[in-house]
>>> print(open('entry20.tsv').read())   # TSV, C-alpha atoms
chain	number	residue	atom	x	y	z
A	1	MET	CA	5.38	-19.07	-20.67
A	2	ALA	CA	7.88	-18.36	-17.91
A	3	ASP	CA	7.06	-19.47	-14.40
A	4	ALA	CA	4.42	-17.16	-12.92
A	5	GLU	CA	6.53	-16.90	-9.77
A	6	GLN	CA	9.91	-16.63	-11.45
A	7	ASP	CA	12.49	-14.98	-9.20
A	8	THR	CA	14.56	-12.57	-11.28
A	9	GLY	CA	16.80	-11.35	-8.46
A	10	ARG	CA	20.55	-11.85	-8.60
A	11	PRO	CA	22.63	-13.00	-5.60
A	12	GLY	CA	23.14	-10.15	-3.16
A	13	GLU	CA	20.38	-8.02	-4.69
A	14	ALA	CA	16.79	-7.41	-3.64
A	15	ARG	CA	14.58	-10.21	-4.88
A	16	GLU	CA	12.39	-9.30	-7.81
A	17	ARG	CA	9.42	-10.93	-9.51
A	18	MET	CA	8.05	-10.77	-13.01
A	19	CYS	CA	4.69	-9.11	-13.70
A	20	ALA	CA	2.56	-11.68	-15.53
A	21	LEU	CA	1.02	-8.93	-17.67
A	22	THR	CA	3.95	-6.77	-18.75
A	23	ARG	CA	6.66	-9.46	-18.34
A	24	ALA	CA	8.80	-6.78	-16.69
A	25	SER	CA	10.81	-7.46	-13.53
A	26	ALA	CA	10.07	-5.35	-10.47
A	27	ALA	CA	10.71	-5.31	-6.74
A	28	ARG	CA	8.18	-7.30	-4.76
A	29	GLU	CA	7.10	-4.07	-3.06
A	30	ASP	CA	5.82	-2.86	-6.44
A	31	LEU	CA	3.83	-6.00	-7.16
A	32	VAL	CA	0.94	-7.95	-5.69
A	33	ARG	CA	0.81	-11.74	-5.44
A	34	LEU	CA	-2.41	-13.56	-6.33
A	35	VAL	CA	-3.26	-17.20	-5.76
A	36	GLU	CA	-6.10	-19.65	-6.33
A	37	SER	CA	-8.19	-20.21	-3.20
A	38	PRO	CA	-9.38	-23.72	-2.23
A	39	ASP	CA	-12.74	-23.00	-3.87
A	40	GLY	CA	-11.15	-21.92	-7.14
A	41	GLU	CA	-11.35	-18.12	-6.79
A	42	VAL	CA	-8.48	-15.71	-7.38
A	43	VAL	CA	-7.55	-13.99	-4.11
A	44	PRO	CA	-4.85	-11.42	-3.29
A	45	ASP	CA	-2.00	-12.58	-1.05
A	46	LEU	CA	-0.56	-9.33	0.29
A	47	LYS	CA	1.47	-11.08	2.99
A	48	GLU	CA	2.91	-13.51	0.40
A	49	CYS	CA	2.26	-16.52	2.61
A	50	LEU	CA	-0.68	-18.39	1.07
A	51	PRO	CA	0.15	-21.85	-0.26
A	52	GLY	CA	-0.04	-22.94	-3.85
A	53	ARG	CA	1.02	-21.60	-7.19
A	54	GLY	CA	0.87	-17.84	-7.41
A	55	MET	CA	1.23	-15.07	-9.96
A	56	TRP	CA	2.46	-11.49	-9.66
A	57	LEU	CA	0.99	-8.32	-11.14
A	58	GLY	CA	2.01	-4.67	-10.99
A	59	LEU	CA	0.54	-2.77	-8.06
A	60	SER	CA	-1.97	-0.83	-10.16
A	61	ARG	CA	-5.73	-0.90	-10.69
A	62	ASP	CA	-5.14	-0.57	-14.41
A	63	VAL	CA	-2.85	-3.61	-14.47
A	64	ILE	CA	-5.49	-5.67	-12.64
A	65	ALA	CA	-8.16	-4.50	-15.09
A	66	GLN	CA	-6.00	-5.38	-18.10
A	67	ALA	CA	-5.21	-8.82	-16.68
A	68	ILE	CA	-8.94	-9.47	-16.29
A	69	ARG	CA	-9.71	-8.32	-19.83
A	70	LYS	CA	-6.95	-10.52	-21.24
A	71	LYS	CA	-8.18	-13.54	-19.22
A	72	LEU	CA	-4.65	-13.88	-17.89
A	73	PHE	CA	-5.33	-15.54	-14.55
A	74	GLY	CA	-6.24	-19.00	-15.78
A	75	ARG	CA	-3.13	-19.18	-17.97
A	76	ALA	CA	-0.76	-17.84	-15.34
A	77	LEU	CA	-2.15	-20.02	-12.54
A	78	ARG	CA	-2.67	-23.00	-14.85
A	79	ALA	CA	-6.13	-23.58	-13.43
A	80	ASP	CA	-9.78	-22.93	-14.22
A	81	VAL	CA	-10.23	-20.07	-11.78
A	82	ARG	CA	-12.98	-17.56	-11.05
A	83	VAL	CA	-11.96	-13.91	-11.02
A	84	PRO	CA	-14.17	-11.69	-8.81
A	85	ASP	CA	-15.44	-8.55	-10.50
A	86	ASP	CA	-14.27	-6.47	-7.53
A	87	LEU	CA	-10.74	-7.90	-7.39
A	88	ALA	CA	-9.13	-4.45	-7.57
A	89	GLY	CA	-11.44	-3.22	-4.83
A	90	ARG	CA	-10.49	-6.15	-2.61
A	91	ILE	CA	-6.80	-5.40	-3.07
A	92	GLY	CA	-7.33	-1.73	-2.25
A	93	HIS	CA	-9.35	-2.66	0.83
A	94	LEU	CA	-6.58	-4.95	2.11
A	95	LEU	CA	-3.90	-2.33	1.47
A	96	LYS	CA	-5.89	0.25	3.42
A	97	ARG	CA	-6.56	-2.24	6.20
A	98	ASP	CA	-2.82	-2.80	6.61
A	99	CYS	CA	-2.25	0.96	6.87
A	100	LEU	CA	-4.96	1.46	9.47
A	101	ALA	CA	-3.91	-1.56	11.51
A	102	THR	CA	-0.33	-0.28	11.68
A	103	LEU	CA	-1.49	3.22	12.67
A	104	SER	CA	-3.72	1.72	15.35
A	105	LEU	CA	-0.80	-0.28	16.77
A	106	ALA	CA	1.34	2.85	16.85
A	107	ALA	CA	-1.37	4.71	18.76
A	108	LYS	CA	-1.76	1.88	21.29
A	109	ALA	CA	2.01	1.86	21.77
A	110	GLY	CA	2.02	5.59	22.51
A	111	GLN	CA	3.92	6.32	19.30
A	112	ALA	CA	1.18	8.26	17.48
A	113	VAL	CA	-0.68	11.48	18.23
A	114	ALA	CA	-3.68	13.20	16.65
A	115	GLY	CA	-4.82	16.80	16.48
A	116	PHE	CA	-3.19	19.87	14.96
A	117	ASP	CA	-1.62	21.20	18.18
A	118	LYS	CA	-0.21	17.84	19.30
A	119	VAL	CA	1.20	17.15	15.87
A	120	ALA	CA	2.71	20.64	15.67
A	121	ALA	CA	4.36	20.23	19.09
A	122	LEU	CA	5.84	16.90	18.05
A	123	LEU	CA	7.12	18.44	14.84
A	124	ASP	CA	8.76	21.27	16.75
A	125	ARG	CA	10.64	18.68	18.82
A	126	GLY	CA	11.77	16.89	15.66
A	127	GLN	CA	10.08	13.65	16.73
A	128	VAL	CA	7.97	12.93	13.67
A	129	ARG	CA	8.74	10.12	11.23
A	130	VAL	CA	5.33	10.24	9.53
A	131	LEU	CA	2.99	13.20	9.18
A	132	ILE	CA	-0.52	12.15	8.21
A	133	ALA	CA	-2.94	14.65	6.70
A	134	ALA	CA	-6.49	13.55	5.89
A	135	SER	CA	-7.11	13.60	2.16
A	136	ASP	CA	-10.37	15.48	2.75
A	137	GLY	CA	-8.91	17.96	5.26
A	138	ALA	CA	-8.42	21.68	4.72
A	139	GLU	CA	-5.47	22.63	2.55
A	140	ASP	CA	-4.33	25.41	4.87
A	141	GLY	CA	-3.64	23.19	7.89
A	142	ARG	CA	-1.95	20.58	5.73
A	143	ARG	CA	0.33	23.20	4.19
A	144	LYS	CA	1.35	24.64	7.56
A	145	LEU	CA	2.24	21.25	9.05
A	146	ALA	CA	4.02	20.13	5.89
A	147	ALA	CA	6.18	23.26	6.10
A	148	ARG	CA	7.09	22.42	9.70
A	149	LEU	CA	7.91	18.86	8.65
A	150	ARG	CA	10.35	20.08	6.03
A	151	HIS	CA	12.16	22.18	8.62
A	152	ALA	CA	12.00	19.69	11.49
A	153	SER	CA	13.06	16.39	9.97
A	154	LEU	CA	14.68	15.54	6.66
A	155	SER	CA	13.55	11.93	7.06
A	156	GLY	CA	9.92	12.78	7.75
A	157	GLN	CA	7.29	11.40	5.38
A	158	LEU	CA	4.00	13.10	4.46
A	159	VAL	CA	1.09	10.71	3.87
A	160	GLU	CA	-2.18	11.98	2.39
A	161	CYS	CA	-3.93	8.87	1.08
A	162	LEU	CA	-6.30	8.32	4.02
A	163	ALA	CA	-9.57	10.15	4.64
A	164	SER	CA	-10.64	11.55	7.99
A	165	ALA	CA	-13.07	8.66	8.52
A	166	ASP	CA	-10.20	6.22	8.04
A	167	LEU	CA	-8.10	8.02	10.66
A	168	ASP	CA	-11.08	8.07	13.03
A	169	LEU	CA	-11.38	4.31	12.72
A	170	ALA	CA	-7.70	3.64	13.34
A	171	LEU	CA	-7.30	6.07	16.25
A	172	GLY	CA	-10.67	5.59	17.95
A	173	ARG	CA	-11.48	9.30	17.76
A	174	THR	CA	-13.74	11.55	15.72
A	175	ASN	CA	-12.91	14.20	13.15
A	176	VAL	CA	-9.21	13.38	12.95
A	177	ILE	CA	-7.58	15.56	10.28
A	178	HIS	CA	-3.93	15.50	11.35
A	179	ALA	CA	-1.88	12.74	12.97
A	180	ALA	CA	1.78	11.85	13.36
A	181	ILE	CA	3.85	8.79	14.14
A	182	MET	CA	7.15	8.96	16.01
A	183	PRO	CA	10.32	7.33	14.65
A	184	GLY	CA	10.49	3.57	15.06
A	185	GLY	CA	9.62	0.27	13.49
A	186	LEU	CA	5.89	0.92	13.32
A	187	ALA	CA	6.45	4.23	11.57
A	188	ASP	CA	8.71	2.56	9.01
A	189	LYS	CA	6.12	-0.18	8.44
A	190	PHE	CA	3.38	2.44	8.01
A	191	VAL	CA	5.44	4.26	5.37
A	192	VAL	CA	5.73	1.04	3.35
A	193	CYS	CA	2.01	0.27	3.67
A	194	ALA	CA	1.01	3.81	2.72
A	195	ALA	CA	3.34	3.84	-0.28
A	196	LYS	CA	1.69	0.68	-1.60
A	197	LEU	CA	-1.79	2.12	-1.07
A	198	GLU	CA	-0.88	5.35	-2.84
A	199	LYS	CA	0.76	3.48	-5.70
A	200	PHE	CA	-2.22	1.21	-6.20
A	201	GLY	CA	-4.67	4.09	-6.14
A	202	LEU	CA	-2.72	6.54	-8.30
A	203	ASN	CA	-1.01	4.37	-10.89
A	204	GLY	CA	-1.94	5.18	-14.47
A	205	ALA	CA	-2.44	2.80	-17.33
A	206	ALA	CA	0.17	0.10	-17.71
A	207	GLU	CA	1.77	-0.56	-21.04
A	208	GLU	CA	-0.08	-3.12	-23.08
A	209	ALA	CA	1.86	-6.36	-23.11
A	210	GLY	CA	2.05	-8.20	-26.39
A	211	SER	CA	-0.93	-6.39	-27.92
>>> encode(input="entry20.tsv", output="structure tokens")
Amino acid sequence: MADAEQDTGRPGEARERMCALTRASAAREDLVRLVESPDGEVVPDLKECLPGRGMWLGLSRDVIAQAIRKKLFGRALRADVRVPDDLAGRIGHLLKRDCLATLSLAAKAGQAVAGFDKVAALLDRGQVRVLIAASDGAEDGRRKLAARLRHASLSGQLVECLASADLDLALGRTNVIHAAIMPGGLADKFVVCAAKLEKFGLNGAAEEAGS
């Protein structure tokens, strides 16, 4: 078996890793690293900083489920490890936590606003990098703001993977349906975090590897 953390990137190119299930190379942004904790449990390492031997899997609930069914973790980590039944749920929770933490930082830095009118005014000034619409919000308001986003900023990103309760938590308000983040480093970081969360939640079944 190839090294579970084999780097398949070429000099001058973005570093890639190999999915332990499909054996396909992919950008690290499309994968999740998992390691063995000190007590022998498999834990996700989203920040890619935990020590020890790790393995990489595609950023998909289905890939995680297949890896569990195939008892892949012990072989890839070369250890007698315990795999929590809610491993996919833990990964999803951490991905969402990263999104909300970044949104909260943007709000504290004065780079995020909430509420339809404030978001619309920011859009009209062309100062929106990220438009956030609650996944459980009304379709009409989302459609109107999305139309303004298309006209106001070609680089604007629409994010719809967070519920109103999530936005409430991040922004310290109630009944938040619409929010926006201004251009800057925090907005760019939020886009990356949200893309990972959406990918993990929406990915379909992965191809069976070697079955």
>>> residues_around(input="entry20.tsv", residues="Thr174 in chain A", least_positions_apart="4", cutoff="12 Å", atoms="only C-alpha atoms", output="PyMOL selection string")
chain A and resi 114-115+163-170+178
>>> residues_around(input="entry20.tsv", residues="range 89-104 of chain A", least_positions_apart="5", cutoff="7 Å", atoms="only C-alpha atoms", output="PDB file with C-alpha atoms, in the coordinates of the input")
ATOM      1  CA  PRO A  44      -4.850 -11.420  -3.290  1.00  0.00           C
ATOM      2  CA  ALA A 170      -7.700   3.640  13.340  1.00  0.00           C
ATOM      3  CA  LEU A 171      -7.300   6.070  16.250  1.00  0.00           C
ATOM      4  CA  LEU A 186       5.890   0.920  13.320  1.00  0.00           C
ATOM      5  CA  PHE A 190       3.380   2.440   8.010  1.00  0.00           C
ATOM      6  CA  CYS A 193       2.010   0.270   3.670  1.00  0.00           C
ATOM      7  CA  ALA A 194       1.010   3.810   2.720  1.00  0.00           C
ATOM      8  CA  LEU A 197      -1.790   2.120  -1.070  1.00  0.00           C
TER       9      LEU A 197
END
>>> atom_distance(input="entry20.tsv", atom1="CA of Cys161 in chain A", atom2="CA of Val43 in chain A")
23.7 Å
>>> closest_residue(input="entry20.tsv", among="A:Gly40, A:Asp45, A:Ala20, A:Ala180", to="Lys71 in chain A", atoms="all atoms listed in the file")
A:Ala20
>>> axis_aligned_box(input="entry20.tsv", around="range 126-142 of chain A", padding_each_side="6 Å", output="lines of an AutoDock Vina configuration file")
center_x = 0.7
center_y = 17.8
center_z = 9.4
size_x = 34.1
size_y = 27.3
size_z = 26.6
>>> atom_distance(input="entry20.tsv", atom1="CA of Gln127 in chain A", atom2="CA of Val159 in chain A")
16.0 Å
>>> atom_distance(input="entry20.tsv", atom1="CA of Lys70 in chain A", atom2="CA of Ala26 in chain A")
20.8 Å
>>> closest_residue(input="entry20.tsv", among="A:Cys19, A:Val113, A:Ile68, A:Ala138", to="Trp56 in chain A", atoms="only C-alpha atoms")
A:Cys19
>>> closest_residue(input="entry20.tsv", among="A:Arg148, A:Gly201, A:Gly141, A:Arg82", to="Leu162 in chain A", atoms="all atoms listed in the file")
A:Gly201
>>> residues_around(input="entry20.tsv", residues="range 52-54 of chain A", least_positions_apart="5", cutoff="9 Å", atoms="all atoms listed in the file", output="MDAnalysis selection string")
chainID A and resid 4:5 33:37 45 76:78
>>> residues_around(input="entry20.tsv", residues="Leu145 in chain A", least_positions_apart="5", cutoff="12 Å", atoms="all atoms listed in the file", output="PyMOL selection string")
chain A and resi 115-124+128+130-133+138-140+150-153+156-159+177-180
